[in-house]
Structure formats: structure tokens, C-alpha cells
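Have a look at the structure below, then the notes.
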Amino acid sequence: MRTTPISEMDKRFDPKSYESRWQQDWAAKGYFVCFVPDLPIVPSRLSDPAEPGAARSYCIMIPPPNITGKLHMGHALQSTLQDLLTRWRRMQGRNALWLPGTDHAGIATQLMVERDLAKEGKSRHDLGRDRFLERVWSWKEQYQGNIRRQLDLLGASCDWTRERFTLDEGLSLAVREAFVRLFEEGRITRGEYLVNWSTGLDTAISDLEVEMRQVQDKLWKIAYPIAGGTEHVVVATTRPETLLGDTALAVHPEDERYRHLIGRHAVVPVAGRVIPFVADESVEREFGTGVVKVTPYHDLADFETGRRHGLPGIQVIDRQGRMTSAAGEEFAGLEVDAARALLLAKLREAGLLVHEEDYVHNVGFCQRSGVRVQPLMSTQWFCDVSSMAAEALAAHRNGRLELVPASWGKTWEHWLENIRPWCISRQLWWGHQIPAWYDEAGTCFVARTREAAAAQAGHDRLTQDGDVLDTWFSSALWPFSTLGWPEKTADLAYFYPTSVLVTGFDILFFWVARMVMMGLHFTGESPFARVHLTGLVRDAEGVKMSKTKGNVLDPEDLVDEYGADAVRFTLALLDSPGRDIPLDPERMAGYRAFGNKIWNATRFALSKVGEARIPEAIDFDRLALPERWILSRLSQTAEAVSLHLEEFRFDLACSDLYQFFWSDFCDWYIEMAKPGCDPGSERLLVKEVLLLTLDRSLRLLHPAMPFLTEELWQRLPGHDAIHPQTICLAAYPGREPGWVLGATETELMKLLQETVTLVRNERADRKLTHRVKAELYLQPAKADDEESSASLAYLSSSEVQRLLASIAGVQRVVLASPPASAINKSVRQGIGITPVFEVPAEPVDLTKLGLELAKVEENIGKVRARLESADFSAKAPAAVIEGARKNLDALELERARLRTALGRDSEAG
RNA sequence: GGGAGGUUAGCUCAGUGGUAGAGCACCUGCCUUACACGCAGGGUGUCGUGGGUUCAAGCCCCUCACCUCCCACCA
């Protein structure tokens, strides 16, 4: 693809000028489309090359976004991390598949379409099931495209030829297969139980969809007359209207106050029904009055109590949240609130309302619609996941499934150990209709198809169950249904189990746990080896984003303003384990500046390198110290980045890269390369090192900043020898074993940098501009110091003099004592370093020097005390002791220097 | 009631027992061989509290406090 030549490169980089261009180019060339090789096939989770030439797969399944709308910041974060991993592994030579797709999101989508319909004054019932579903499908087409467009904007390297949707034909087949198998195994059953009923959604919901909230309520105390007497017992309740459905009163078997009542009866106020007293251990004697009303059909605890005592139940509230006829003529048809008011009035009238008080407690709400959950008796489909949960626990315990951060392990264990049957049926239209059919007599036939059900029934006069499955049922199959399961496809054999799952901790139970359970059950394998759980993206103040608060950031707006690369880099850099992510757009401006830095560093290099090309190999031993140093830093960085990516430490990997590129490469190396590129320099291969470092830096950065790196890499002379087409497929750099500095060289480089800093420091202190030149006086701090003589020789070499002139404004290096008018500035590695500027010296600030001296002396005291401690010298490692000694030496030289400057030579050491 | 995480610079956060770090913000001076989305320099910390282990603790152990979040059928 054509790029503008360097001469036309703009001073300022503009992400908009190339981002969409590259996304289109990549898509057109099909770089991200995966092909399953004929042989050999190596399971994706092996992290070491199993055999040469084997095409190892790597696979990430996208957590399918709901088709209800657009991507939010959480999607942007997770997509960035998934893309980063996929691009990184792809560059490492893995056959890397990132499979995209969307979720039909039953309740959420149906609600949105119904809301849309409501604007026309219609309900879904006006249209009827078929026409309503047609409408949802057309809605889906519209939004699915939107999600793809947004992923493209972010630079996602998905294989769009494999895009899936949870309601498409293949996945629907997988859902029916899974359902029927679980039914045949006896794990799925249909039955009447007390379920969480949402009157807001008009459907049953699972336990996970119930959210507990603290509520300011009232606690009423009501007197129940005891049958055959004049006594009363007082019962506390927060829901008096359910009294109409009471079938017993319960007390603790050992409660002396009420023992005599066990076996006797009470009269339900208003209703007049006679109900027994039962003894049950679950009753807390200390709470309320110690007597509990038992309403088996409207309270889960009471349901259990009722079961234990064989009590009947009475349904007094219906699915619309109104009182039934069983509640009595006066109440039938009333909303719960109205029924409560009426009942309380009647109790007052009868003198049976003993007490009323404010009361704070936790109440279940429907997470999605926000209404109070009504516990109701209802016939639903349930999935008993207990044995699957045990397998999921085992997979985690034996390491086949790793959660990152590992602290989620306890949560995982606790939830799976206390798991209850999963209510999987929903009274909705949008979703996978349950593959069960009924004949006129109501006999149920579960089968993969209507035909198969008809074969079971012996006739075709069947009606399919009207309910659909919980959306999470199909999501649970996602890692393998997307690869063609239950067919034994090549994709499934090659890419399953997948490598990594990246998702938010908020759906650990909803989704991750269920995928693991279903995956283990149907394929015998955990669907992924590792799960990276991200935090929540919050606003700059750390507040959760919400429409009502108006603090929502839209990824699309951010990409528009800062460019996709800056958005990606920011998100990856902020992803610290176990932390939420406070996202400040200011931060993105900072990483956009990083993009600008990379752009300009490249622009500079290209303007300097002339005919040079990226070298295939470089003779490290022939290079001068600055070149050797930057290559060693490059190698260290490459190693650190990959290690951090292995551990999902995107934050550390990105800051490694940021630090290396900005500080080491731009601030130090490019500055040092400037004199090295000038004619007459003795340093070898400077231009090649410049290009090589740039090439590898861009490749290292590519997974995080794909667009910018491609745009720039394409301009590097010689890039096509690394990969003929694209940086996306160029090899990811690793550590170079030969690029290592010895200890002496490392110290020498440090000395060089400290010398430069010292000169700059002094210049800044004296408010001199960089134009004021300096002479640099160097001398050994101690007489006859052999170690320092080698350093002195290096610092005074013509090449280094040239370098110091360029980056520190040093005109001349003099190996001598500074003139008497100058003060010795500092001592480093046994060398006294004194810059003398071509302007008159300022009077020495004695106060400041005095303070410095005091500090040095304090430190000397500390280090000395440590060295003199017998325990320290006996127990501390030799290296630490040696370090402390060296430190003391340096401090003492510094003290001597300061004393000289202060004219206190005479004082004793 | 159980559980998890957090508490480090003004802000947001890294930190691997051995003299406390980054980015942003702030202050000073600079249009210097690419970059003012820049360069150079600056500095601030009782590392939440109180104990313990250790020659040595921001880091390991215990206590408490505060903040976030998850799980949980005291009506």
C-alpha cells in the first residue's frame, strides 16, 4: 500500500489520515483470516513449540456484545486487550484466531424493541409472536453492523469470516443438542417451584438476576388469635398482605415461651382460616417476637419450611402482581400495595395491629427492570448443575483453569460450592424456543426437532413450549458452538480448547462459570486455559459510568478525538490486576502525545539515515558504547514486554515500552545518535542501529498501537525484508542474547549520563541557556585511582567530546583540577566533575552547600552504623555489605568535596 | 453474617525484603540537528493505625480503622 514519502510527512501526526485506510487494507488482504492447516494439529494451549513446523493455534472468543446497542468503554477495554494478545501471538508465529460475534440478549433486546413499538402505541401482543420476531430480526441486522464498524474503528483484528450470532442456525442447533442431552441425562427437568418472578419483565428470572438492595421499610406486628381461646400470639412481618396466604405459624422447638402452642392452632386475621403451629429450627428466637408466619407460596424460606412440615400453599398474588381470588373477594384484583393498605386498615379496625415501626432490610429486585421480585409458584424448566459445578471446581483446583488475578479463586469456589438449580426458562419471545412439544393431553416430548417429537408422540398434533431459554444458556456454549459443535469440525479440533478468555469480573458467574461447566460436560475440556478478569471502567473520579449521571464516555468519541491507538494504549496501560479503571480523557491526550513522539522520532530517523537500510544482523562487538547500550536496552525491553504479556500485565508491558521509547530511545539515544550521524564520526553503523531500534520498537508496539506502527513501519527502508506485506505478520522481537553490556560498560554509560545531567543541572541552576558553552574539568577524586583512569580516558576521547558537545554544550574536556574560582561540582564513580561556563562564576551559595553537607553527614552516620553492627556483617549477604561499603566511600568523597568547597579543609574526617 | 480487594507524591496508580517510583498536574528556563502533543531542570512522601518477625519491612505476620465490591431466605 502506498504511503507518503518522508519529505511529505507532516510535522504533526494525524491518526485520522491513516487509521481507517489501514483497517480497510488489512481486511482486504485477509491477514486475519485463519486457515486450519492439514497437519499436524497441535492443541492451542501448549505454550512451547511442540514440533518444528507445527502450526500452533491460538484462539480467543470475543465475549459477544449484546446486539442492543453500541460498544461501551468496557467493550473497548476488553477488545483492546484481546486484540493486543491476538496480534502479539500472531506476530510470534501462532495461527491466531480472534473470533467475533454478537449475543441476541433475550430480555434486553426484546425490551428495546417493545419500547420502540410502544412509540407506535402497540405492544408485542398486538403484532403476535411471528411478526414481532420479524421485527426483532431487522433490528438485529441494523445493530450487528454497528458493532462490527466500532470494532473496526478500534483496530480489531478479528476473523470476520467466522463471525457468529447466538441465534444463528449453527448455534441454535448446538443449543437444542445441549438441551436434549441434558434432558436425557436427567439434568434438565420441568416442574413447579417457587421462582423469582419479575412483574416488570413478566417472566421468571434466575437467582443471579436478582439484586439485593437495602430498603427502608416497615415492620408490622400483628396479633393472631389462638383457636379455642382468648389468647393471641404476635407475629412480625414486612409483607402483611401475604398473611392471606399463610398456612402455619412457626416457632422454635425449644422456645419456652411458645412450647405449649405446638400442635395447637391459630386463626389468620381477616381471612379467618385456622392454621397449625409448627416447630422449626430455622426460626430465630431473638428476632421479632419469635413467631413466624409461614406463607409457602410467596417466600422462599417459608416454601422450605412448608416442605418440611407438609404444609399446603395458597397463591394469593398472581403474575401481574395482583391479588388472586384465593385472597378473598375484597382483595381479588387489587395491586399488592392497595391490598396491603386495605388489610392494615382492617387489622386496625379489629384491634389486631399491635405495632408498626421503621425497618431497614435487604430486598430482592429484578436487576434489569428494577421492580421488587415476587416469589411465585410457577412451572419452569430447571437445570441441575451440581455435578457440573463439581467438575468446574476440580478444573480450577487442578490448574486446568487459571483465573487471573488469582484472588477470584475464592469467589469461584464459594459460588460453585453453593450452587442451586438454574431456572433456564423465560416467558419471552426473543430467544431459543425450548425444544419441547405437548400433545392435547399435555404430555411433554423433548426432542431435537419437531419431527423427532412427533415420532415420539406417534402423531403430529403437537404444540411447542412457548418459553425461550435464558440467554446465558446459549452463551454458555459459545466457546465450542461457534466452532461448529456438535459436529466434529476441523475448526473445533484445531482451535478448541481456546487459549484465553478476557472478560469483566461482573459476569464471572453469569457466563464464565457456566461456560466452564458446559465445556467440561460436553467436550471434557475446560473451554479456555486462562481467564483474565478486567476491572470496571469508571470515570475520572472513579465513579461508575451511568446514563443518569451523565458521565458516560463513548469509545467512538474518544477514538475520534485521540485516535484509536491512543485509546488502546491508555486502556491497556491502566489495566492493573484487581483494580477498576478510572478513565480520564486527559490521560489519553498524554498517550496521543506518545504517538506524536513516535511519529517524529521516525521522521527524524528517516531524515538522517540516507541510503542505510534496516540491517538483517548487526555486529554488536564493533559498535561504540551508545549503540551497544541502546541495543541492550532494546533487548531487555523486548524480553520484559513478552514476560508481562504472558502474565496479562498489560500495564507493565505498556509502561516498559513507553519508558524505553521515550526516555531511552528519544531522550538519550537519538540525542547521542545526532553527532554519531555527522560526517567524521568514528562510531560505526549508527544509522543502522537507529533504523534497527526503530523497526523493533515499532514491532514491539504494534499489538498496542497497530495503526501508527503500520503507517510508520511501511516507510522504513528495508522493512519488506522483514515481512513483504505488513507489520501485522512481522516477527515479534524477543531478547537478543548477544546484546548485553558488561558491568564495566554499564557503569561507564551511567557515568556518561550522570556527567551530562550534572552539566545540565548546573546550567539550569544558574539560569544559563543551552547556548552558554562549558568546559568540563575531570580529575580523580583520590590520587592514583586506577579504576577511574579508564573512565577518564573514555570521557576525554574525541568521540565522547563530540557527544558531550552535542548533548551537554561541553566545548572541551580538561583532565585537570578546575580553576580556583570554580567549585568542584560533584564526585561520581571516583571522578570529580566540574563544569566551568564561559560566564563569570557566581559566588558560592554557602547556605545551600552547608545543607547538602549536613545531609551527606547524616547519611554517612546511618550507613556507618549499619556497617558497624555485628548482626549486619554476620547475617546480611555479601553483596549488600559490599554495596553499603561502596555507598559509604562515595558519601565520604562527596563530603570531602563539599568541605573543600566550604573552605573547611582542616576538619577531620 | 461471610468473602475479596484497596489505603504509597496534589490527582491516578506501579513497586520483586536491601537508601521510595511513573504519568498527569505544578514551578523555572528554553522555538536546541525530529517533536511546544516538545526539550532541560525542579520537589513534595510519618508508604492508613498499632504491634510482631528480620541484621534490614512500603513489601512478610497479627490488630484495628476507613473505602469499594461480591455473596447471604432474620420474617
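Residues in the C-alpha cells are numbered from 1 in each chain, the chains being A, B, ... in the order shown, and ligands are numbered from 1 in the order shown.
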
Residue neighbourhood Thr602 (chain A), 10 Å, only C-alpha atoms (C1' of nucleotides), exclusion window fewer than 4 positions, as a list in words: Ile6, Met9, Asn596, Lys597, Ile598, Leu606, Ser607, Lys608, Leu690, Leu691, Leu694, Asp695, Leu698, Leu712, Trp713, Arg715 and Leu716 of chain A; A34 and C35 of chain B

Surrounding residues of region 743-749 of chain A excluding itself and chain neighbours under 4 positions, 12 Å, only C-alpha atoms (C1' of nucleotides), as a ChimeraX atom specification: /A:624-630,632-633,668-669,672,753-756,787-795,800,828-831

Show me a table, sorted first by chain and then by increasing residue number, of the residues of chain A having an atom at most 7 Å from chain B, each with its shortest atom pair and the distance in Å to one decimal, counting only C-alpha atoms (C1' of nucleotides) and written as JSON lines.
{"residue": "A:Ala236", "atom": "CA", "partner": "B:A75", "partner_atom": "C1'", "distance": 6.6}
{"residue": "A:Thr237", "atom": "CA", "partner": "B:A75", "partner_atom": "C1'", "distance": 5.6}
{"residue": "A:Glu284", "atom": "CA", "partner": "B:C74", "partner_atom": "C1'", "distance": 6.5}
{"residue": "A:Phe287", "atom": "CA", "partner": "B:C74", "partner_atom": "C1'", "distance": 6.1}
{"residue": "A:Val292", "atom": "CA", "partner": "B:A75", "partner_atom": "C1'", "distance": 5.9}
{"residue": "A:Leu300", "atom": "CA", "partner": "B:C73", "partner_atom": "C1'", "distance": 5.8}
{"residue": "A:Ala301", "atom": "CA", "partner": "B:C73", "partner_atom": "C1'", "distance": 4.7}
{"residue": "A:Gly578", "atom": "CA", "partner": "B:G5", "partner_atom": "C1'", "distance": 6.8}
{"residue": "A:Arg587", "atom": "CA", "partner": "B:C24", "partner_atom": "C1'", "distance": 7.0}
{"residue": "A:Arg592", "atom": "CA", "partner": "B:C37", "partner_atom": "C1'", "distance": 6.9}
{"residue": "A:Ala593", "atom": "CA", "partner": "B:C37", "partner_atom": "C1'", "distance": 4.2}
{"residue": "A:Asn596", "atom": "CA", "partner": "B:C37", "partner_atom": "C1'", "distance": 6.1}
{"residue": "A:Lys597", "atom": "CA", "partner": "B:C35", "partner_atom": "C1'", "distance": 5.9}
{"residue": "A:Asn600", "atom": "CA", "partner": "B:A34", "partner_atom": "C1'", "distance": 4.8}
{"residue": "A:Ala601", "atom": "CA", "partner": "B:A34", "partner_atom": "C1'", "distance": 5.3}
{"residue": "A:Arg603", "atom": "CA", "partner": "B:A34", "partner_atom": "C1'", "distance": 5.7}
{"residue": "A:Phe604", "atom": "CA", "partner": "B:A34", "partner_atom": "C1'", "distance": 3.9}
{"residue": "A:Lys674", "atom": "CA", "partner": "B:U33", "partner_atom": "C1'", "distance": 6.7}
{"residue": "A:Arg760", "atom": "CA", "partner": "B:A40", "partner_atom": "C1'", "distance": 7.0}
{"residue": "A:Asn761", "atom": "CA", "partner": "B:G41", "partner_atom": "C1'", "distance": 6.1}
{"residue": "A:Ala764", "atom": "CA", "partner": "B:G41", "partner_atom": "C1'", "distance": 5.5}
{"residue": "A:Lys767", "atom": "CA", "partner": "B:G29", "partner_atom": "C1'", "distance": 6.2}
{"residue": "A:Thr769", "atom": "CA", "partner": "B:C30", "partner_atom": "C1'", "distance": 6.6}
{"residue": "A:Asp871", "atom": "CA", "partner": "B:C55", "partner_atom": "C1'", "distance": 4.6}
{"residue": "A:Phe872", "atom": "CA", "partner": "B:C55", "partner_atom": "C1'", "distance": 3.9}
{"residue": "A:Lys875", "atom": "CA", "partner": "B:C55", "partner_atom": "C1'", "distance": 5.8}
{"residue": "A:Ala876", "atom": "CA", "partner": "B:C55", "partner_atom": "C1'", "distance": 6.1}
{"residue": "A:Val880", "atom": "CA", "partner": "B:G18", "partner_atom": "C1'", "distance": 6.4}

Could those residues be written to a file, using C-alpha atoms, as a PDB file, in the first residue's frame?
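What follows is the written file again-v3.pdb:
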ATOM      1  CA  ALA A 236     -43.740  -9.685  62.894  1.00  0.00           C
ATOM      2  CA  THR A 237     -43.839  -9.201  59.135  1.00  0.00           C
ATOM      3  CA  GLU A 284     -34.653 -17.240  65.190  1.00  0.00           C
ATOM      4  CA  PHE A 287     -35.902 -11.872  66.006  1.00  0.00           C
ATOM      5  CA  VAL A 292     -43.011 -16.581  62.098  1.00  0.00           C
ATOM      6  CA  LEU A 300     -38.563 -18.994  49.726  1.00  0.00           C
ATOM      7  CA  ALA A 301     -37.785 -19.650  53.370  1.00  0.00           C
ATOM      8  CA  GLY A 578      -7.788  -6.405  40.535  1.00  0.00           C
ATOM      9  CA  ARG A 587      -4.693  10.675  30.106  1.00  0.00           C
ATOM     10  CA  ARG A 592      -1.701  10.698  21.896  1.00  0.00           C
ATOM     11  CA  ALA A 593       1.395  12.767  22.595  1.00  0.00           C
ATOM     12  CA  ASN A 596       3.255  12.138  18.179  1.00  0.00           C
ATOM     13  CA  LYS A 597       6.617  11.324  19.724  1.00  0.00           C
ATOM     14  CA  ASN A 600       8.515  12.493  14.997  1.00  0.00           C
ATOM     15  CA  ALA A 601      11.257  10.123  16.088  1.00  0.00           C
ATOM     16  CA  ARG A 603      10.558  11.406  10.884  1.00  0.00           C
ATOM     17  CA  PHE A 604      13.920  12.357  12.352  1.00  0.00           C
ATOM     18  CA  LYS A 674      22.974  13.035  16.243  1.00  0.00           C
ATOM     19  CA  ARG A 760      22.650  20.475  32.513  1.00  0.00           C
ATOM     20  CA  ASN A 761      21.844  20.749  36.161  1.00  0.00           C
ATOM     21  CA  ALA A 764      19.712  25.231  34.837  1.00  0.00           C
ATOM     22  CA  LYS A 767      19.679  30.004  34.570  1.00  0.00           C
ATOM     23  CA  THR A 769      20.679  28.931  28.206  1.00  0.00           C
ATOM     24  CA  ASP A 871      24.491  -8.584  63.207  1.00  0.00           C
ATOM     25  CA  PHE A 872      24.575  -6.850  59.855  1.00  0.00           C
ATOM     26  CA  LYS A 875      23.912 -12.018  58.575  1.00  0.00           C
ATOM     27  CA  ALA A 876      23.500  -9.766  55.564  1.00  0.00           C
ATOM     28  CA  VAL A 880      24.562  -5.987  50.335  1.00  0.00           C
TER      29      VAL A 880
END

Contacts of region 83-99 of chain A at 7 Å (only C-alpha atoms (C1' of nucleotides); same-chain gap of 5+ positions) as a count of residues only: 22

Point-to-point distance from CA of Gly883 (chain A) to CA of Arg735 (chain A), Å rounded to tenths: 28.5 Å

Nearby residues (only C-alpha atoms (C1' of nucleotides)) at most 10 Å from Ala890 (chain A), same-chain spacing under 4 positions excluded, as a ChimeraX atom specification: /A:827-830,860,884-886,894-896

Go ahead and write the residues just picked, N, CA, C and O atoms, as a tab-separated table (two decimals), in the first residue's frame.
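Contents of again-v6.tsv, freshly written:
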chain	number	residue	atom	x	y	z
A	827	VAL	N	31.13	14.39	42.66
A	827	VAL	CA	32.01	13.23	42.52
A	827	VAL	C	31.16	12.05	42.10
A	827	VAL	O	30.16	11.73	42.74
A	828	ARG	N	31.53	11.45	40.99
A	828	ARG	CA	30.81	10.26	40.52
A	828	ARG	C	31.81	9.19	40.16
A	828	ARG	O	32.74	9.45	39.39
A	829	GLN	N	31.59	8.00	40.69
A	829	GLN	CA	32.47	6.87	40.41
A	829	GLN	C	33.95	7.26	40.58
A	829	GLN	O	34.79	6.95	39.76
A	830	GLY	N	34.19	8.01	41.62
A	830	GLY	CA	35.56	8.36	41.94
A	830	GLY	C	36.16	9.46	41.08
A	830	GLY	O	37.36	9.67	41.07
A	860	ILE	N	25.99	9.40	56.08
A	860	ILE	CA	27.21	8.69	56.47
A	860	ILE	C	27.01	8.03	57.82
A	860	ILE	O	27.34	6.85	58.01
A	884	ALA	N	26.89	-1.38	50.64
A	884	ALA	CA	26.91	-0.38	51.69
A	884	ALA	C	28.29	0.26	51.80
A	884	ALA	O	28.42	1.47	52.01
A	885	ARG	N	29.35	-0.56	51.64
A	885	ARG	CA	30.72	-0.03	51.69
A	885	ARG	C	30.96	0.98	50.60
A	885	ARG	O	31.49	2.06	50.81
A	886	LYS	N	30.57	0.59	49.38
A	886	LYS	CA	30.75	1.47	48.23
A	886	LYS	C	30.00	2.77	48.45
A	886	LYS	O	30.49	3.86	48.13
A	894	GLU	N	32.06	12.67	48.62
A	894	GLU	CA	31.14	13.80	48.46
A	894	GLU	C	31.33	14.78	49.63
A	894	GLU	O	31.34	16.00	49.45
A	895	ARG	N	31.51	14.21	50.81
A	895	ARG	CA	31.71	15.07	51.98
A	895	ARG	C	33.01	15.87	51.85
A	895	ARG	O	33.05	17.07	52.11
A	896	ALA	N	34.05	15.18	51.39
A	896	ALA	CA	35.34	15.86	51.22
A	896	ALA	C	35.20	17.01	50.23
A	896	ALA	O	35.70	18.11	50.45

Contact residues around U8 (chain B) with only C-alpha atoms (C1' of nucleotides) at 10 Å, ignoring same-chain residues under 5 positions, as a PyMOL selection string: chain B and resi 13-15+20-21+45+47+58

Between CA of Pro615 (chain A) and CA of His644 (chain A), distance in Å (one decimal):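 Calculated distance between CA of Pro615 (chain A) and CA of His644 (chain A) is 27.7 Å.
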
Who sits within 7 Å of region 353-368 of chain A, only C-alpha atoms (C1' of nucleotides), same chain under 6 positions skipped, as a list in words: Ser198, Glu209, Val210, Glu211, Met212, Arg213, Gln214, Val215, Gln216, Asp217, Lys218, Leu219, Trp220, Lys221, Ile222, Ala223 and Leu347 of chain A

Emit the selected residues as a short mmCIF file (atom, residue, chain, number, x, y, z; two decimals), in the first residue's frame, including all heavy atoms.
data_model
loop_
_atom_site.label_atom_id
_atom_site.label_comp_id
_atom_site.auth_asym_id
_atom_site.auth_seq_id
_atom_site.Cartn_x
_atom_site.Cartn_y
_atom_site.Cartn_z
N SER A 198 -40.42 -11.63 37.95
CA SER A 198 -40.32 -10.20 37.72
C SER A 198 -41.59 -9.70 37.07
O SER A 198 -41.88 -10.05 35.92
CB SER A 198 -39.13 -9.89 36.81
OG SER A 198 -39.22 -8.55 36.36
N GLU A 209 -30.04 -13.02 38.57
CA GLU A 209 -30.62 -11.79 38.04
C GLU A 209 -31.35 -10.99 39.12
O GLU A 209 -31.93 -9.95 38.84
CB GLU A 209 -31.56 -12.10 36.87
CG GLU A 209 -30.80 -12.53 35.65
CD GLU A 209 -31.64 -13.32 34.66
OE1 GLU A 209 -31.97 -14.49 34.95
OE2 GLU A 209 -31.98 -12.76 33.61
N VAL A 210 -31.30 -11.52 40.34
CA VAL A 210 -31.92 -10.81 41.46
C VAL A 210 -30.83 -10.03 42.19
O VAL A 210 -29.76 -10.56 42.49
CB VAL A 210 -32.57 -11.81 42.44
CG1 VAL A 210 -33.15 -11.07 43.64
CG2 VAL A 210 -33.66 -12.59 41.74
N GLU A 211 -31.10 -8.77 42.42
CA GLU A 211 -30.12 -7.92 43.06
C GLU A 211 -30.66 -7.52 44.43
O GLU A 211 -31.77 -7.03 44.54
CB GLU A 211 -29.95 -6.69 42.16
CG GLU A 211 -29.00 -5.65 42.65
CD GLU A 211 -29.01 -4.47 41.69
OE1 GLU A 211 -28.40 -4.59 40.62
OE2 GLU A 211 -29.66 -3.46 42.00
N MET A 212 -29.87 -7.74 45.47
CA MET A 212 -30.34 -7.38 46.81
C MET A 212 -30.07 -5.90 47.05
O MET A 212 -28.97 -5.42 46.77
CB MET A 212 -29.60 -8.21 47.86
CG MET A 212 -29.81 -9.71 47.73
SD MET A 212 -31.54 -10.23 47.72
CE MET A 212 -31.89 -10.26 49.49
N ARG A 213 -31.07 -5.21 47.52
CA ARG A 213 -30.88 -3.80 47.84
C ARG A 213 -31.39 -3.52 49.24
O ARG A 213 -32.37 -4.12 49.68
CB ARG A 213 -31.69 -2.90 46.88
CG ARG A 213 -31.08 -2.79 45.51
CD ARG A 213 -31.82 -1.70 44.76
NE ARG A 213 -31.97 -2.07 43.36
CZ ARG A 213 -32.91 -1.59 42.55
NH1 ARG A 213 -33.80 -0.72 43.01
NH2 ARG A 213 -32.96 -1.96 41.29
N GLN A 214 -30.75 -2.57 49.88
CA GLN A 214 -31.20 -2.19 51.21
C GLN A 214 -32.40 -1.25 51.05
O GLN A 214 -32.36 -0.32 50.25
CB GLN A 214 -30.08 -1.47 51.95
CG GLN A 214 -30.28 -1.53 53.44
CD GLN A 214 -29.07 -1.03 54.17
OE1 GLN A 214 -28.74 0.14 54.11
NE2 GLN A 214 -28.40 -1.92 54.87
N VAL A 215 -33.42 -1.55 51.81
CA VAL A 215 -34.66 -0.81 51.64
C VAL A 215 -35.17 -0.32 53.01
O VAL A 215 -35.08 -1.03 54.00
CB VAL A 215 -35.74 -1.72 51.00
CG1 VAL A 215 -37.11 -1.07 51.06
CG2 VAL A 215 -35.37 -2.04 49.57
N GLN A 216 -35.67 0.88 53.02
CA GLN A 216 -36.32 1.43 54.21
C GLN A 216 -37.78 0.98 54.16
O GLN A 216 -38.53 1.39 53.29
CB GLN A 216 -36.21 2.96 54.17
CG GLN A 216 -36.97 3.68 55.24
CD GLN A 216 -36.34 3.51 56.61
OE1 GLN A 216 -36.86 2.80 57.45
NE2 GLN A 216 -35.21 4.16 56.82
N ASP A 217 -38.13 0.10 55.07
CA ASP A 217 -39.47 -0.48 55.05
C ASP A 217 -40.13 -0.29 56.40
O ASP A 217 -39.64 0.45 57.23
CB ASP A 217 -39.35 -1.98 54.75
CG ASP A 217 -39.97 -2.33 53.40
OD1 ASP A 217 -40.82 -1.56 52.94
OD2 ASP A 217 -39.60 -3.36 52.85
N LYS A 218 -41.23 -1.02 56.59
CA LYS A 218 -41.86 -1.03 57.90
C LYS A 218 -41.98 -2.46 58.37
O LYS A 218 -42.10 -3.39 57.56
CB LYS A 218 -43.24 -0.40 57.84
CG LYS A 218 -43.20 1.09 57.56
CD LYS A 218 -44.19 1.83 58.45
CE LYS A 218 -44.29 3.30 58.05
NZ LYS A 218 -43.10 4.05 58.48
N LEU A 219 -41.91 -2.62 59.67
CA LEU A 219 -42.15 -3.93 60.26
C LEU A 219 -43.43 -3.82 61.07
O LEU A 219 -43.55 -2.97 61.95
CB LEU A 219 -40.97 -4.32 61.15
CG LEU A 219 -41.00 -5.73 61.72
CD1 LEU A 219 -40.81 -6.78 60.63
CD2 LEU A 219 -39.91 -5.91 62.78
N TRP A 220 -44.37 -4.66 60.70
CA TRP A 220 -45.64 -4.63 61.43
C TRP A 220 -45.73 -5.82 62.36
O TRP A 220 -45.27 -6.91 62.01
CB TRP A 220 -46.81 -4.68 60.44
CG TRP A 220 -47.02 -3.39 59.70
CD1 TRP A 220 -47.68 -2.30 60.14
CD2 TRP A 220 -46.55 -3.08 58.39
NE1 TRP A 220 -47.67 -1.30 59.19
CE2 TRP A 220 -46.98 -1.74 58.10
CE3 TRP A 220 -45.81 -3.76 57.43
CZ2 TRP A 220 -46.70 -1.11 56.89
CZ3 TRP A 220 -45.53 -3.13 56.23
CH2 TRP A 220 -45.96 -1.81 55.97
N LYS A 221 -46.35 -5.59 63.52
CA LYS A 221 -46.59 -6.72 64.42
C LYS A 221 -48.09 -6.95 64.51
O LYS A 221 -48.85 -6.04 64.83
CB LYS A 221 -45.98 -6.44 65.80
CG LYS A 221 -44.46 -6.51 65.69
CD LYS A 221 -43.75 -6.42 67.02
CE LYS A 221 -42.25 -6.51 66.79
NZ LYS A 221 -41.52 -5.83 67.86
N ILE A 222 -48.46 -8.17 64.20
CA ILE A 222 -49.88 -8.49 64.06
C ILE A 222 -50.24 -9.61 65.04
O ILE A 222 -49.50 -10.59 65.18
CB ILE A 222 -50.17 -8.97 62.62
CG1 ILE A 222 -49.84 -7.83 61.63
CG2 ILE A 222 -51.63 -9.39 62.47
CD1 ILE A 222 -49.72 -8.29 60.20
N ALA A 223 -51.37 -9.43 65.68
CA ALA A 223 -51.83 -10.45 66.63
C ALA A 223 -52.69 -11.49 65.93
O ALA A 223 -53.60 -11.13 65.17
CB ALA A 223 -52.63 -9.78 67.75
N LEU A 347 -57.06 -4.69 59.94
CA LEU A 347 -56.42 -5.17 61.16
C LEU A 347 -56.57 -4.14 62.28
O LEU A 347 -56.84 -4.47 63.43
CB LEU A 347 -54.93 -5.45 60.92
CG LEU A 347 -54.60 -6.70 60.09
CD1 LEU A 347 -53.11 -6.74 59.78
CD2 LEU A 347 -55.02 -7.97 60.83
#

Contacts of Glu192 (chain A) at 8 Å (only C-alpha atoms (C1' of nucleotides); same-chain gap of 6+ positions) as a list in words: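 With the cut-off at 8 Å, the set is Met377, Ser378, Thr379 and Gln380 of chain A.
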
Filtered DSSP result for region 468-670 of chain A, state strand (DSSP E or B), as a PyMOL selection string: chain A and resi 468-469+498-504+528-534+537-538+544+581-582
